[in-house]
>>> print(open('structure30.json').read())   # JSON, C-alpha atoms and all ligand atoms
[["chain", "number", "residue", "atom", "x", "y", "z"],
["A", 1, "MET", "CA", -202.98, 96.01, 114.04],
["A", 2, "VAL", "CA", -200.85, 93.76, 111.86],
["A", 3, "VAL", "CA", -199.24, 95.35, 108.82],
["A", 4, "TYR", "CA", -197.87, 93.05, 106.14],
["A", 5, "MET", "CA", -195.22, 94.55, 103.85],
["A", 6, "ILE", "CA", -195.27, 92.78, 100.53],
["A", 7, "GLY", "CA", -193.53, 93.18, 97.18],
["A", 8, "PHE", "CA", -190.78, 91.81, 94.98],
["A", 9, "MET", "CA", -187.33, 90.90, 96.31],
["A", 10, "ALA", "CA", -185.33, 94.06, 97.09],
["A", 11, "SER", "CA", -188.35, 96.36, 96.99],
["A", 12, "GLY", "CA", -187.47, 97.64, 100.49],
["A", 13, "LYS", "CA", -190.00, 95.71, 102.57],
["A", 14, "SER", "CA", -187.68, 95.24, 105.54],
["A", 15, "THR", "CA", -186.13, 98.70, 105.37],
["A", 16, "LEU", "CA", -189.44, 100.56, 105.18],
["A", 17, "GLY", "CA", -191.12, 98.05, 107.52],
["A", 18, "LYS", "CA", -188.52, 98.72, 110.23],
["A", 19, "ARG", "CA", -188.84, 102.48, 109.82],
["A", 20, "LEU", "CA", -192.63, 102.26, 109.89],
["A", 21, "ALA", "CA", -192.53, 100.14, 113.05],
["A", 22, "SER", "CA", -190.15, 102.51, 114.81],
["A", 23, "THR", "CA", -192.14, 105.60, 113.74],
["A", 24, "ALA", "CA", -195.40, 104.11, 115.00],
["A", 25, "GLY", "CA", -193.95, 102.35, 118.08],
["A", 26, "TRP", "CA", -194.90, 98.91, 116.76],
["A", 27, "LYS", "CA", -192.90, 95.66, 116.78],
["A", 28, "PHE", "CA", -191.10, 94.58, 113.63],
["A", 29, "TYR", "CA", -190.64, 91.04, 112.34],
["A", 30, "ASP", "CA", -189.01, 89.69, 109.23],
["A", 31, "LEU", "CA", -190.66, 86.51, 107.97],
["A", 32, "ASP", "CA", -187.48, 85.09, 106.39],
["A", 33, "SER", "CA", -185.64, 85.55, 109.71],
["A", 34, "ARG", "CA", -188.46, 83.75, 111.56],
["A", 35, "ILE", "CA", -188.19, 80.89, 109.08],
["A", 36, "GLU", "CA", -184.42, 80.73, 109.56],
["A", 37, "ASP", "CA", -184.89, 80.65, 113.35],
["A", 38, "MET", "CA", -187.55, 77.93, 113.11],
["A", 39, "GLU", "CA", -185.40, 75.81, 110.79],
["A", 40, "GLY", "CA", -181.98, 76.58, 112.26],
["A", 41, "ARG", "CA", -180.57, 77.20, 108.75],
["A", 42, "THR", "CA", -180.54, 79.94, 106.15],
["A", 43, "VAL", "CA", -183.20, 80.40, 103.47],
["A", 44, "ALA", "CA", -180.54, 79.57, 100.87],
["A", 45, "ASP", "CA", -179.78, 76.28, 102.67],
["A", 46, "ILE", "CA", -183.49, 75.42, 102.94],
["A", 47, "PHE", "CA", -183.85, 75.90, 99.16],
["A", 48, "SER", "CA", -180.75, 73.90, 98.28],
["A", 49, "GLN", "CA", -181.20, 71.12, 100.84],
["A", 50, "SER", "CA", -184.99, 70.69, 100.91],
["A", 51, "GLY", "CA", -186.29, 72.46, 97.79],
["A", 52, "GLU", "CA", -188.67, 75.34, 97.13],
["A", 53, "ASP", "CA", -191.88, 73.38, 97.83],
["A", 54, "TYR", "CA", -190.67, 72.63, 101.33],
["A", 55, "PHE", "CA", -189.70, 76.29, 101.82],
["A", 56, "ARG", "CA", -193.24, 77.36, 100.80],
["A", 57, "GLU", "CA", -194.74, 74.98, 103.39],
["A", 58, "VAL", "CA", -192.56, 76.40, 106.15],
["A", 59, "GLU", "CA", -193.21, 79.96, 104.99],
["A", 60, "THR", "CA", -196.98, 79.40, 105.11],
["A", 61, "ASP", "CA", -196.68, 77.88, 108.56],
["A", 62, "ALA", "CA", -194.46, 80.71, 109.86],
["A", 63, "LEU", "CA", -196.91, 83.32, 108.57],
["A", 64, "ARG", "CA", -199.70, 81.73, 110.58],
["A", 65, "ASN", "CA", -197.60, 81.45, 113.72],
["A", 66, "MET", "CA", -196.25, 84.92, 114.22],
["A", 67, "PRO", "CA", -196.01, 86.34, 117.76],
["A", 68, "ASP", "CA", -199.19, 87.72, 119.16],
["A", 69, "ASP", "CA", -198.18, 91.37, 119.43],
["A", 70, "LYS", "CA", -201.03, 93.84, 119.36],
["A", 71, "ASP", "CA", -199.32, 96.11, 116.84],
["A", 72, "MET", "CA", -196.65, 94.84, 114.50],
["A", 73, "VAL", "CA", -195.16, 95.12, 111.05],
["A", 74, "ILE", "CA", -194.19, 91.93, 109.24],
["A", 75, "ALA", "CA", -191.88, 92.09, 106.22],
["A", 76, "CYS", "CA", -192.80, 89.12, 104.04],
["A", 77, "GLY", "CA", -190.70, 87.34, 101.43],
["A", 78, "GLY", "CA", -191.25, 88.27, 97.79],
["A", 79, "GLY", "CA", -193.13, 85.04, 97.14],
["A", 80, "THR", "CA", -195.19, 84.91, 100.34],
["A", 81, "PRO", "CA", -198.45, 86.34, 98.91],
["A", 82, "CYS", "CA", -198.30, 84.11, 95.84],
["A", 83, "TYR", "CA", -198.50, 80.68, 97.46],
["A", 84, "LYS", "CA", -201.28, 78.77, 99.24],
["A", 85, "ASP", "CA", -203.98, 81.21, 100.36],
["A", 86, "ASN", "CA", -201.46, 83.51, 102.02],
["A", 87, "MET", "CA", -202.73, 86.71, 100.39],
["A", 88, "ASP", "CA", -206.29, 86.06, 101.57],
["A", 89, "PHE", "CA", -205.00, 85.16, 105.02],
["A", 90, "MET", "CA", -203.08, 88.44, 105.25],
["A", 91, "ASN", "CA", -205.99, 90.50, 103.98],
["A", 92, "LYS", "CA", -208.24, 88.93, 106.60],
["A", 93, "THR", "CA", -205.84, 89.35, 109.51],
["A", 94, "GLY", "CA", -204.24, 92.73, 108.81],
["A", 95, "VAL", "CA", -203.40, 95.55, 106.43],
["A", 96, "THR", "CA", -201.42, 94.57, 103.35],
["A", 97, "VAL", "CA", -199.05, 97.15, 101.87],
["A", 98, "TYR", "CA", -197.53, 96.54, 98.42],
["A", 99, "LEU", "CA", -194.27, 98.37, 97.83],
["A", 100, "LYS", "CA", -194.26, 98.80, 94.09],
["A", 101, "LEU", "CA", -191.07, 99.29, 92.08],
["A", 102, "ASP", "CA", -190.32, 99.02, 88.37],
["A", 103, "VAL", "CA", -188.27, 96.28, 86.74],
["A", 104, "ALA", "CA", -185.26, 98.51, 86.03],
["A", 105, "THR", "CA", -184.95, 99.63, 89.65],
["A", 106, "LEU", "CA", -185.39, 96.10, 90.97],
["A", 107, "GLY", "CA", -182.76, 94.92, 88.48],
["A", 108, "GLN", "CA", -180.26, 97.55, 89.64],
["A", 109, "ARG", "CA", -180.77, 96.58, 93.26],
["A", 110, "LEU", "CA", -180.77, 92.84, 92.69],
["A", 111, "ILE", "CA", -177.67, 92.65, 90.52],
["A", 112, "ASN", "CA", -175.70, 93.51, 93.67],
["A", 113, "ALA", "CA", -177.89, 91.61, 96.10],
["A", 114, "ARG", "CA", -178.62, 88.36, 94.28],
["A", 115, "LYS", "CA", -176.04, 86.12, 95.90],
["A", 116, "ASN", "CA", -178.04, 85.24, 99.01],
["A", 117, "ARG", "CA", -181.28, 84.90, 97.06],
["A", 118, "PRO", "CA", -181.56, 81.31, 95.89],
["A", 119, "LEU", "CA", -183.94, 82.11, 93.04],
["A", 120, "LEU", "CA", -181.43, 84.50, 91.47],
["A", 121, "SER", "CA", -177.96, 83.63, 92.66],
["A", 122, "ASP", "CA", -176.63, 82.08, 89.43],
["A", 123, "MET", "CA", -178.00, 84.64, 86.97],
["A", 124, "GLY", "CA", -176.13, 87.16, 84.83],
["A", 125, "GLN", "CA", -177.47, 90.68, 84.23],
["A", 126, "ASP", "CA", -179.58, 90.03, 81.10],
["A", 127, "GLU", "CA", -181.07, 86.83, 82.43],
["A", 128, "LEU", "CA", -181.82, 88.55, 85.72],
["A", 129, "LEU", "CA", -183.74, 91.41, 84.07],
["A", 130, "GLN", "CA", -185.80, 89.01, 81.97],
["A", 131, "TYR", "CA", -186.52, 86.86, 84.98],
["A", 132, "ILE", "CA", -187.64, 89.84, 87.09],
["A", 133, "GLU", "CA", -189.90, 91.07, 84.29],
["A", 134, "GLY", "CA", -191.56, 87.66, 83.86],
["A", 135, "LEU", "CA", -191.92, 86.88, 87.54],
["A", 136, "LEU", "CA", -193.18, 90.35, 88.45],
["A", 137, "ALA", "CA", -195.86, 90.11, 85.75],
["A", 138, "ILE", "CA", -197.06, 86.85, 87.32],
["A", 139, "ARG", "CA", -196.80, 88.00, 90.91],
["A", 140, "GLU", "CA", -198.51, 91.35, 90.41],
["A", 141, "LYS", "CA", -201.79, 89.48, 90.27],
["A", 142, "TRP", "CA", -201.39, 88.76, 93.97],
["A", 143, "TYR", "CA", -199.56, 91.93, 94.93],
["A", 144, "ARG", "CA", -202.39, 94.03, 93.50],
["A", 145, "LYS", "CA", -204.82, 92.50, 95.98],
["A", 146, "SER", "CA", -203.11, 94.62, 98.65],
["A", 147, "GLN", "CA", -205.12, 97.13, 100.59],
["A", 148, "LEU", "CA", -202.52, 99.83, 100.03],
["A", 149, "ILE", "CA", -200.27, 100.18, 97.00],
["A", 150, "VAL", "CA", -197.30, 102.40, 97.65],
["A", 151, "ASP", "CA", -194.67, 103.85, 95.30],
["A", 152, "GLY", "CA", -191.49, 102.21, 96.58],
["A", 153, "MET", "CA", -189.37, 105.23, 95.57],
["A", 154, "LYS", "CA", -191.46, 107.74, 97.51],
["A", 155, "ALA", "CA", -192.76, 105.76, 100.48],
["A", 156, "GLU", "CA", -192.35, 107.64, 103.71],
["A", 157, "PRO", "CA", -192.93, 105.93, 107.09],
["A", 158, "GLY", "CA", -194.79, 108.79, 108.82],
["A", 159, "ARG", "CA", -197.27, 109.19, 105.98],
["A", 160, "LEU", "CA", -197.72, 105.44, 105.74],
["A", 161, "ALA", "CA", -198.36, 105.10, 109.48],
["A", 162, "GLU", "CA", -200.98, 107.84, 109.23],
["A", 163, "LEU", "CA", -202.68, 106.21, 106.26],
["A", 164, "ILE", "CA", -202.76, 102.81, 107.92],
["A", 165, "THR", "CA", -204.01, 104.16, 111.23],
["A", 166, "TYR", "CA", -206.75, 106.41, 109.90],
["A", 167, "LEU", "CA", -207.90, 104.53, 106.83],
["A", 168, "PRO", "CA", -211.39, 103.30, 107.73],
["A", 169, "PRO", "CA", -211.74, 99.55, 107.21],
["A", 170, "TYR", "CA", -214.44, 100.02, 104.56],
["A", 171, "ASN", "CA", -212.03, 102.12, 102.47],
["A", 172, "ARG", "CA", -209.23, 99.63, 102.57],
["A", 173, "GLY", "CA", -208.43, 98.26, 99.18],
["A", 174, "GLN", "CA", -208.65, 101.65, 97.54],
["A", 175, "GLY", "CA", -205.75, 103.50, 99.09],
["A", 176, "GLN", "CA", -202.87, 104.48, 96.84],
["A", 177, "TYR", "CA", -200.13, 107.05, 97.11],
["A", 201, "LIG", "C1", -188.27, 84.88, 97.70],
["A", 201, "LIG", "C2", -187.89, 86.05, 98.34],
["A", 201, "LIG", "C3", -186.97, 86.05, 99.49],
["A", 201, "LIG", "C4", -187.05, 84.73, 100.24],
["A", 201, "LIG", "C5", -186.83, 83.58, 99.31],
["A", 201, "LIG", "C6", -187.85, 83.53, 98.18],
["A", 201, "LIG", "C7", -189.20, 84.98, 96.54],
["A", 201, "LIG", "O1", -187.31, 87.13, 100.35],
["A", 201, "LIG", "O2", -188.29, 84.59, 100.90],
["A", 201, "LIG", "O3", -185.52, 83.68, 98.80],
["A", 201, "LIG", "O4", -189.80, 83.95, 96.16],
["A", 201, "LIG", "O5", -189.34, 86.09, 95.98],
["A", 201, "LIG", "P1", -187.00, 88.69, 99.99],
["A", 201, "LIG", "O6", -188.17, 89.20, 99.20],
["A", 201, "LIG", "O7", -186.90, 89.35, 101.33],
["A", 201, "LIG", "O8", -185.72, 88.71, 99.23]]
>>> encode(input="structure30.json", output="structure tokens")
Amino acid sequence: MVVYMIGFMASGKSTLGKRLASTAGWKFYDLDSRIEDMEGRTVADIFSQSGEDYFREVETDALRNMPDDKDMVIACGGGTPCYKDNMDFMNKTGVTVYLKLDVATLGQRLINARKNRPLLSDMGQDELLQYIEGLLAIREKWYRKSQLIVDGMKAEPGRLAELITYLPPYNRGQGQY
């Protein structure tokens, strides 16, 4: 079973993904870290030295070349589902979980955590909130194709593991909590 954690920057994909993996006894991988290992440089350096288009190519490639563990949780980048046919690929190869948070909460988290995020690093507070609102509205189109949509403020690893494990494949796409 491959579980893909998706959602906006700072929605808690890695934090919840790690807790889910440890609760269920599955492996955990972070897609940005895999990209950094593959490239031997940080995501910020990839953006500034080679540009976003190049980053999206590498991201797509990394997503398709994850280790072959039987059970694993992969925390994706905020943009991963929105480029190439990544969302379809993830829906075909695993369970997609969208961690949903509102703009205000994302703004609060990102104002303190924007420095290592190349898309946001130079923004002030007002610009940041407007940017999050605009980008989230665009990205939700992809995020909403997830098989499970989870409230990012309430998500709980044990409950999520249970849902993922026992949700029959034909019901996937309808689960929300
Ligand atoms: C991005 C999100 C980042 C990282 C890159 C681009 C995005 O990951 O992949 O900076 O386009 O939203 P996080 O969501 O883990 O911050």
>>> closest_atom_pairs(input="structure30.json", of="chain A", to="ligand LIG 201 (chain A)", cutoff="9 Å", atoms="only C-alpha atoms and all ligand atoms", output="tab-separated table")
residue	atom	partner	partner_atom	distance
A:Ile6	CA	A:LIG201	O6	8.1
A:Gly7	CA	A:LIG201	O6	7.0
A:Phe8	CA	A:LIG201	O6	5.6
A:Met9	CA	A:LIG201	O6	3.5
A:Ala10	CA	A:LIG201	O8	5.8
A:Ser11	CA	A:LIG201	O6	7.5
A:Gly12	CA	A:LIG201	O7	8.4
A:Lys13	CA	A:LIG201	O7	7.2
A:Ser14	CA	A:LIG201	O7	7.3
A:Asp30	CA	A:LIG201	O7	8.2
A:Leu31	CA	A:LIG201	O2	7.7
A:Asp32	CA	A:LIG201	O2	5.6
A:Ile35	CA	A:LIG201	O2	9.0
A:Val43	CA	A:LIG201	O3	6.2
A:Ala44	CA	A:LIG201	O3	6.8
A:Phe47	CA	A:LIG201	O3	8.0
A:Glu52	CA	A:LIG201	C6	8.3
A:Phe55	CA	A:LIG201	C5	8.2
A:Arg56	CA	A:LIG201	C6	8.6
A:Glu59	CA	A:LIG201	O2	7.9
A:Ala75	CA	A:LIG201	O7	7.5
A:Cys76	CA	A:LIG201	O7	6.5
A:Gly77	CA	A:LIG201	O1	3.6
A:Gly78	CA	A:LIG201	O5	3.4
A:Gly79	CA	A:LIG201	O4	3.6
A:Thr80	CA	A:LIG201	O4	6.9
A:Cys82	CA	A:LIG201	O4	8.5
A:Ala113	CA	A:LIG201	O8	8.9
A:Arg114	CA	A:LIG201	O8	8.7
A:Asn116	CA	A:LIG201	O3	7.6
A:Arg117	CA	A:LIG201	O3	4.7
A:Pro118	CA	A:LIG201	O3	5.5
A:Leu119	CA	A:LIG201	O3	6.2
A:Leu120	CA	A:LIG201	O3	8.4
A:Leu135	CA	A:LIG201	O5	8.9
>>> closest_residue(input="structure30.json", among="A:Asp53, A:Pro81, A:Asn112, A:Leu106", to="Gln130 in chain A", atoms="only C-alpha atoms")
A:Leu106
>>> axis_aligned_box(input="structure30.json", around="range 6-15 of chain A", padding_each_side="4 Å", output="AutoDock Vina command-line options")
--center_x -190.3 --center_y 94.8 --center_z 100.3 --size_x 17.9 --size_y 15.8 --size_z 18.6
>>> closest_residue(input="structure30.json", among="A:Val103, A:Lys145, A:Arg109, A:Leu160", to="Leu129 in chain A", atoms="all atoms listed in the file")
A:Val103
>>> atom_distance(input="structure30.json", atom1="CA of Thr15 in chain A", atom2="CA of Lys84 in chain A")
25.8 Å
>>> atom_distance(input="structure30.json", atom1="CA of Gly134 in chain A", atom2="CA of Tyr29 in chain A")
28.7 Å
>>> closest_residue(input="structure30.json", among="A:Gly124, A:Leu99, A:Tyr54, A:Gln108", to="Glu140 in chain A", atoms="all atoms listed in the file")
A:Leu99
>>> residues_around(input="structure30.json", residues="Asp151 in chain A", least_positions_apart="3", cutoff="8 Å", atoms="all atoms listed in the file", output="ChimeraX atom specification")
/A:99-101,154-155,177
>>> closest_atom_pairs(input="structure30.json", of="range 33-101 of chain A", to="range 19-28 of chain A", cutoff="12 Å", atoms="all atoms listed in the file", output="tab-separated table")
residue	atom	partner	partner_atom	distance
A:Ser33	CA	A:Phe28	CA	11.3
A:Arg34	CA	A:Phe28	CA	11.3
A:Met66	CA	A:Phe28	CA	11.0
A:Pro67	CA	A:Lys27	CA	9.9
A:Asp68	CA	A:Lys27	CA	10.4
A:Asp69	CA	A:Lys27	CA	7.3
A:Lys70	CA	A:Trp26	CA	8.4
A:Asp71	CA	A:Trp26	CA	5.2
A:Met72	CA	A:Lys27	CA	4.5
A:Val73	CA	A:Phe28	CA	4.8
A:Ile74	CA	A:Phe28	CA	6.0
A:Ala75	CA	A:Phe28	CA	7.9
A:Cys76	CA	A:Phe28	CA	11.2
A:Val97	CA	A:Leu20	CA	11.5
>>> write_last_selection(input="structure30.json", atoms="C-alpha atoms", output="PDB file, in the coordinates of the input")
ATOM      1  CA  SER A  33    -185.640  85.550 109.710  1.00  0.00           C
ATOM      2  CA  ARG A  34    -188.460  83.750 111.560  1.00  0.00           C
ATOM      3  CA  MET A  66    -196.250  84.920 114.220  1.00  0.00           C
ATOM      4  CA  PRO A  67    -196.010  86.340 117.760  1.00  0.00           C
ATOM      5  CA  ASP A  68    -199.190  87.720 119.160  1.00  0.00           C
ATOM      6  CA  ASP A  69    -198.180  91.370 119.430  1.00  0.00           C
ATOM      7  CA  LYS A  70    -201.030  93.840 119.360  1.00  0.00           C
ATOM      8  CA  ASP A  71    -199.320  96.110 116.840  1.00  0.00           C
ATOM      9  CA  MET A  72    -196.650  94.840 114.500  1.00  0.00           C
ATOM     10  CA  VAL A  73    -195.160  95.120 111.050  1.00  0.00           C
ATOM     11  CA  ILE A  74    -194.190  91.930 109.240  1.00  0.00           C
ATOM     12  CA  ALA A  75    -191.880  92.090 106.220  1.00  0.00           C
ATOM     13  CA  CYS A  76    -192.800  89.120 104.040  1.00  0.00           C
ATOM     14  CA  VAL A  97    -199.050  97.150 101.870  1.00  0.00           C
TER      15      VAL A  97
END
>>> atom_distance(input="structure30.json", atom1="CA of Val3 in chain A", atom2="CA of Met38 in chain A")
21.4 Å
>>> closest_residue(input="structure30.json", among="A:Pro157, A:Leu110, A:Glu162, A:Met87", to="Lys141 in chain A", atoms="only C-alpha atoms")
A:Met87
